[in-house]
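Below is one structure, written out as structure tokens; the observations come after it.
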Amino acid sequence: MRTTGSETSTQRERKMEASQFEDILDDWFIESLKTYKDLHVYQLEHPTQVIEWTSGKTVCVAGYAPSHNEFLELRLPLKLFADENKGLCAERDFKVAHGGFTDGPVRCLKHVPGTRCVVSNDGRSSDLQLWDLGGDDSDVIRKTGSIEGSRSAAESGSRIAARLSSPPRVLHGARSSDVRLSELTSGRTLYTLEADSADPLTSLQFVSDSVFLAGCCNGSVYVADTRTSDAPQLSPPPASSAPSALWWTDASEGLSSCRLVRLSSSGRAVISDLRKLGGAVSQAQLEVQSRRCDLDDVTVSWAPALDDCVAVSGFSGVVQIFDTSLWRSELQEARPLFVHRGHTVSSPPEDGVPVLVTRHVWHPELPRTLLSAASDGSVHVWDWVDQSAASS
């Protein structure tokens, strides 16, 4: 009888938790009618840590399990792109445009502009894998080759960057000492970064056709030009940076007005001007959930079509958007302009393990549209409403 009573009590607790979760979900969906212009969800069989645009309406995702992962090109819901009469648009779901499988994890993924090729890295070595996304005559994504990375970084995952070029080329490297530019078809090395350190990279990014940034995990940033063998510029870690802190970096587009944002594992964000990397233009202490993070966990990114906004994820199950125009040169606390809580609301913790956002990306043209993925396999595309602007 005691066992039966105990089981009944447990069942009641679970029913109560389920009922409470349904109430929270209902409240969030009602609230979302005010805070989102669009919100669409998709469920992957396994979670992804990569979301890469292959066009304005398609993205690539791939799993990071130790072996055998799906590799998909998804077409976003057409309703998202309907200018008027969205309610009359029948296409409200994600569609699988092309698909395939990988034998290992995909930890980094980059589309090569002007091609149907993407380049991936498995996080186990610095080698790259090349993939053909298929076309109208084939819906299969297939591996077509590889590019050897540095042997000195054999156990470190590479960062990858690419620009439109002929012939196609990719910039890649796991550490600041082994960044190189490789020709895609031959694998031939066209450029190597002459760095004085061998710090693990958290970002690698072109800011023009030839100038790129290599962001190191200690907060230092190299600025280099692939057209010259001159020594790169080096921006040291932000002042008062804790030795144990990890840093993630992103830069806005364009050399003339390029701004750099560096975010630490403690939630401190520092903005610099690319032309004056030595000092901070502004900074803030962000309201983020503190946890132990790895190099691949956190994403910070400038909005490509919305002035002064950055998005942050990876500390918890939410994506936060901040207005950096409100930040000052003195360190101050900053509250988010918007918070996407959809992943935590739609998927409660299992066995006490919280859902974490694994990746987010801004749409390249739609100002307030983002995609985000989480550790439960959910993928959301959402167009948020700026409540401060709406109420003013």
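Identifiers for the structure tokens are assigned positionally: chains receive A, B, ... in sequence, residues are indexed from 1 per chain, and ligands are indexed from 1 in the order shown.
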
Give the helix (DSSP H, G or I) residues of segment 32-118 of chain A, as DSSP finds them on the backbone, and put them as a list in words.
Ser32, Leu33, Lys34, Thr35, Leu78, Lys79, Leu80, Phe81, Lys86, Gly87 and Leu88 of chain A

At most 12 Å is the cut-off: for each residue in segment 203-249 of chain A with any atom that close to an atom of segment 104-118 of chain A, write down the nearest atom pair and the distance in Å rounded to one decimal, counting only C-alpha atoms, chain first then increasing number, as a tab-separated table.
residue	atom	partner	partner_atom	distance
A:Ser203	CA	A:Cys108	CA	10.5
A:Leu204	CA	A:Lys110	CA	11.0
A:Gln205	CA	A:Lys110	CA	10.9
A:Asp209	CA	A:Pro113	CA	11.9

Val357 of chain A environment, 7 Å, only C-alpha atoms, sequence neighbours closer than 4 positions dropped, as a list in words:
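Once the adjacent positions are removed, what remains is Ser313, Gly314, Ser316, Gly317, Val318, Ala373, Ala374 and Ser375 of chain A.
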
Mind pulling up the distance from atom CA of Arg75 of chain A to atom CA of Trp382 of chain A?
14.4 Å

Val119 of chain A environment, 12 Å, only C-alpha atoms, sequence neighbours closer than 4 positions dropped, as a ChimeraX atom specification
/A:50,52,54,60,62,106-113,115,127-133,142-147,158-162,168-172,182,184-185

Store the residues of this selection in a file with N, CA, C and O atoms, as a short mmCIF file (atom, residue, chain, number, x, y, z; two decimals), in the first residue's frame.
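Dumped to result-v7.cif:
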data_model
loop_
_atom_site.label_atom_id
_atom_site.label_comp_id
_atom_site.auth_asym_id
_atom_site.auth_seq_id
_atom_site.Cartn_x
_atom_site.Cartn_y
_atom_site.Cartn_z
N VAL A 50 24.95 24.75 -35.55
CA VAL A 50 25.25 25.59 -36.70
C VAL A 50 23.96 25.97 -37.42
O VAL A 50 23.06 25.15 -37.59
N GLU A 52 23.48 28.26 -40.95
CA GLU A 52 24.23 29.01 -41.96
C GLU A 52 23.32 29.34 -43.15
O GLU A 52 22.70 28.46 -43.75
N THR A 54 22.25 30.00 -46.78
CA THR A 54 22.69 29.65 -48.13
C THR A 54 21.99 30.53 -49.17
O THR A 54 22.39 30.56 -50.33
N CYS A 60 21.30 26.12 -43.75
CA CYS A 60 21.82 24.77 -43.50
C CYS A 60 21.95 24.55 -42.01
O CYS A 60 22.40 25.43 -41.27
N ALA A 62 23.06 21.13 -39.16
CA ALA A 62 23.62 19.79 -39.05
C ALA A 62 23.85 19.47 -37.58
O ALA A 62 24.14 20.36 -36.78
N VAL A 106 29.21 18.24 -36.71
CA VAL A 106 29.48 19.49 -37.43
C VAL A 106 29.47 20.61 -36.39
O VAL A 106 28.43 20.94 -35.83
N ARG A 107 30.64 21.17 -36.13
CA ARG A 107 30.78 22.21 -35.11
C ARG A 107 30.91 23.60 -35.70
O ARG A 107 30.69 24.60 -35.02
N CYS A 108 31.31 23.68 -36.96
CA CYS A 108 31.43 24.97 -37.64
C CYS A 108 31.03 24.77 -39.09
O CYS A 108 31.35 23.72 -39.69
N LEU A 109 30.31 25.73 -39.66
CA LEU A 109 29.78 25.59 -41.02
C LEU A 109 29.75 26.95 -41.69
O LEU A 109 29.32 27.94 -41.09
N LYS A 110 30.22 26.99 -42.94
CA LYS A 110 30.24 28.26 -43.68
C LYS A 110 29.89 28.03 -45.15
O LYS A 110 30.46 27.16 -45.81
N HIS A 111 28.92 28.82 -45.64
CA HIS A 111 28.57 28.78 -47.05
C HIS A 111 29.56 29.62 -47.84
O HIS A 111 29.95 30.71 -47.40
N VAL A 112 30.00 29.12 -48.98
CA VAL A 112 30.90 29.85 -49.85
C VAL A 112 30.06 30.65 -50.83
O VAL A 112 29.38 30.07 -51.69
N PRO A 113 30.04 32.00 -50.72
CA PRO A 113 29.18 32.83 -51.57
C PRO A 113 29.41 32.58 -53.06
O PRO A 113 30.54 32.35 -53.49
N THR A 115 28.39 30.02 -54.72
CA THR A 115 28.46 28.59 -55.03
C THR A 115 27.34 27.84 -54.30
O THR A 115 26.63 28.41 -53.47
N ASP A 127 41.01 20.06 -39.84
CA ASP A 127 40.69 19.76 -41.24
C ASP A 127 39.28 20.23 -41.60
O ASP A 127 38.39 20.28 -40.75
N LEU A 128 39.09 20.57 -42.89
CA LEU A 128 37.80 21.01 -43.37
C LEU A 128 37.17 19.96 -44.27
O LEU A 128 37.88 19.22 -44.97
N GLN A 129 35.85 19.89 -44.27
CA GLN A 129 35.12 19.01 -45.16
C GLN A 129 34.31 19.87 -46.14
O GLN A 129 33.70 20.88 -45.73
N LEU A 130 34.31 19.50 -47.41
CA LEU A 130 33.61 20.25 -48.46
C LEU A 130 32.35 19.50 -48.86
O LEU A 130 32.38 18.28 -49.04
N TRP A 131 31.25 20.25 -49.05
CA TRP A 131 29.95 19.64 -49.34
C TRP A 131 29.27 20.36 -50.50
O TRP A 131 29.30 21.58 -50.59
N ASP A 132 28.66 19.55 -51.38
CA ASP A 132 27.82 20.08 -52.45
C ASP A 132 26.37 19.99 -52.00
O ASP A 132 25.89 18.91 -51.62
N LEU A 133 25.66 21.13 -52.03
CA LEU A 133 24.29 21.17 -51.51
C LEU A 133 23.25 20.63 -52.50
O LEU A 133 22.08 20.54 -52.14
N ARG A 142 26.05 16.05 -50.59
CA ARG A 142 27.09 15.03 -50.59
C ARG A 142 28.47 15.66 -50.35
O ARG A 142 28.74 16.79 -50.76
N LYS A 143 29.33 14.88 -49.72
CA LYS A 143 30.69 15.34 -49.46
C LYS A 143 31.51 15.21 -50.74
O LYS A 143 31.46 14.19 -51.42
N THR A 144 32.27 16.27 -51.06
CA THR A 144 33.03 16.28 -52.31
C THR A 144 34.54 16.33 -52.10
O THR A 144 35.29 16.17 -53.06
N GLY A 145 35.00 16.59 -50.88
CA GLY A 145 36.44 16.67 -50.67
C GLY A 145 36.78 17.18 -49.29
O GLY A 145 35.92 17.28 -48.41
N SER A 146 38.04 17.53 -49.11
CA SER A 146 38.51 18.04 -47.82
C SER A 146 39.72 18.92 -48.03
O SER A 146 40.37 18.88 -49.07
N ILE A 147 40.00 19.74 -47.03
CA ILE A 147 41.20 20.58 -47.01
C ILE A 147 41.93 20.32 -45.70
O ILE A 147 41.33 20.40 -44.62
N SER A 158 38.40 24.16 -36.15
CA SER A 158 38.70 25.36 -36.92
C SER A 158 37.52 26.32 -36.98
O SER A 158 36.35 25.89 -36.96
N ARG A 159 37.82 27.61 -37.07
CA ARG A 159 36.85 28.63 -37.45
C ARG A 159 36.99 28.84 -38.96
O ARG A 159 38.08 28.65 -39.53
N ILE A 160 35.90 29.25 -39.61
CA ILE A 160 35.90 29.35 -41.06
C ILE A 160 35.26 30.67 -41.48
O ILE A 160 34.26 31.10 -40.89
N ALA A 161 35.83 31.33 -42.50
CA ALA A 161 35.25 32.54 -43.08
C ALA A 161 35.38 32.46 -44.59
O ALA A 161 36.30 31.84 -45.12
N ALA A 162 34.45 33.11 -45.31
CA ALA A 162 34.49 33.08 -46.77
C ALA A 162 33.87 34.36 -47.32
O ALA A 162 32.96 34.93 -46.72
N PRO A 168 36.89 30.36 -55.81
CA PRO A 168 36.44 30.39 -54.41
C PRO A 168 37.58 30.06 -53.43
O PRO A 168 38.41 29.19 -53.69
N ARG A 169 37.59 30.77 -52.29
CA ARG A 169 38.62 30.58 -51.27
C ARG A 169 37.96 30.60 -49.89
O ARG A 169 36.91 31.21 -49.72
N VAL A 170 38.63 29.97 -48.93
CA VAL A 170 38.14 29.99 -47.55
C VAL A 170 39.30 30.32 -46.62
O VAL A 170 40.44 29.90 -46.84
N LEU A 171 38.99 31.09 -45.59
CA LEU A 171 39.93 31.41 -44.53
C LEU A 171 39.62 30.49 -43.36
O LEU A 171 38.45 30.33 -42.99
N HIS A 172 40.64 29.89 -42.78
CA HIS A 172 40.35 28.92 -41.72
C HIS A 172 41.54 28.80 -40.76
O HIS A 172 42.68 29.10 -41.11
N SER A 182 42.91 29.34 -48.10
CA SER A 182 43.11 28.20 -49.00
C SER A 182 42.18 28.30 -50.19
O SER A 182 41.02 28.72 -50.07
N LEU A 184 39.72 26.73 -52.71
CA LEU A 184 38.75 25.67 -52.44
C LEU A 184 38.98 24.43 -53.30
O LEU A 184 38.91 23.29 -52.80
N THR A 185 39.25 24.61 -54.57
CA THR A 185 39.34 23.47 -55.48
C THR A 185 40.63 22.68 -55.31
O THR A 185 40.63 21.46 -55.35
#

To one decimal place in Å, what is the distance between atom CA of Leu44 of chain A and atom CA of Ser378 of chain A?
6.1 Å

For each of A:Asp308, A:Phe322, A:Thr226, A:Asp376, take the minimum atom-to-atom distance to Gly342 of chain A, counting only C-alpha atoms, then give the residue where this is smallest.
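Of all the options, A:Asp376 lies closest to Gly342 of chain A.
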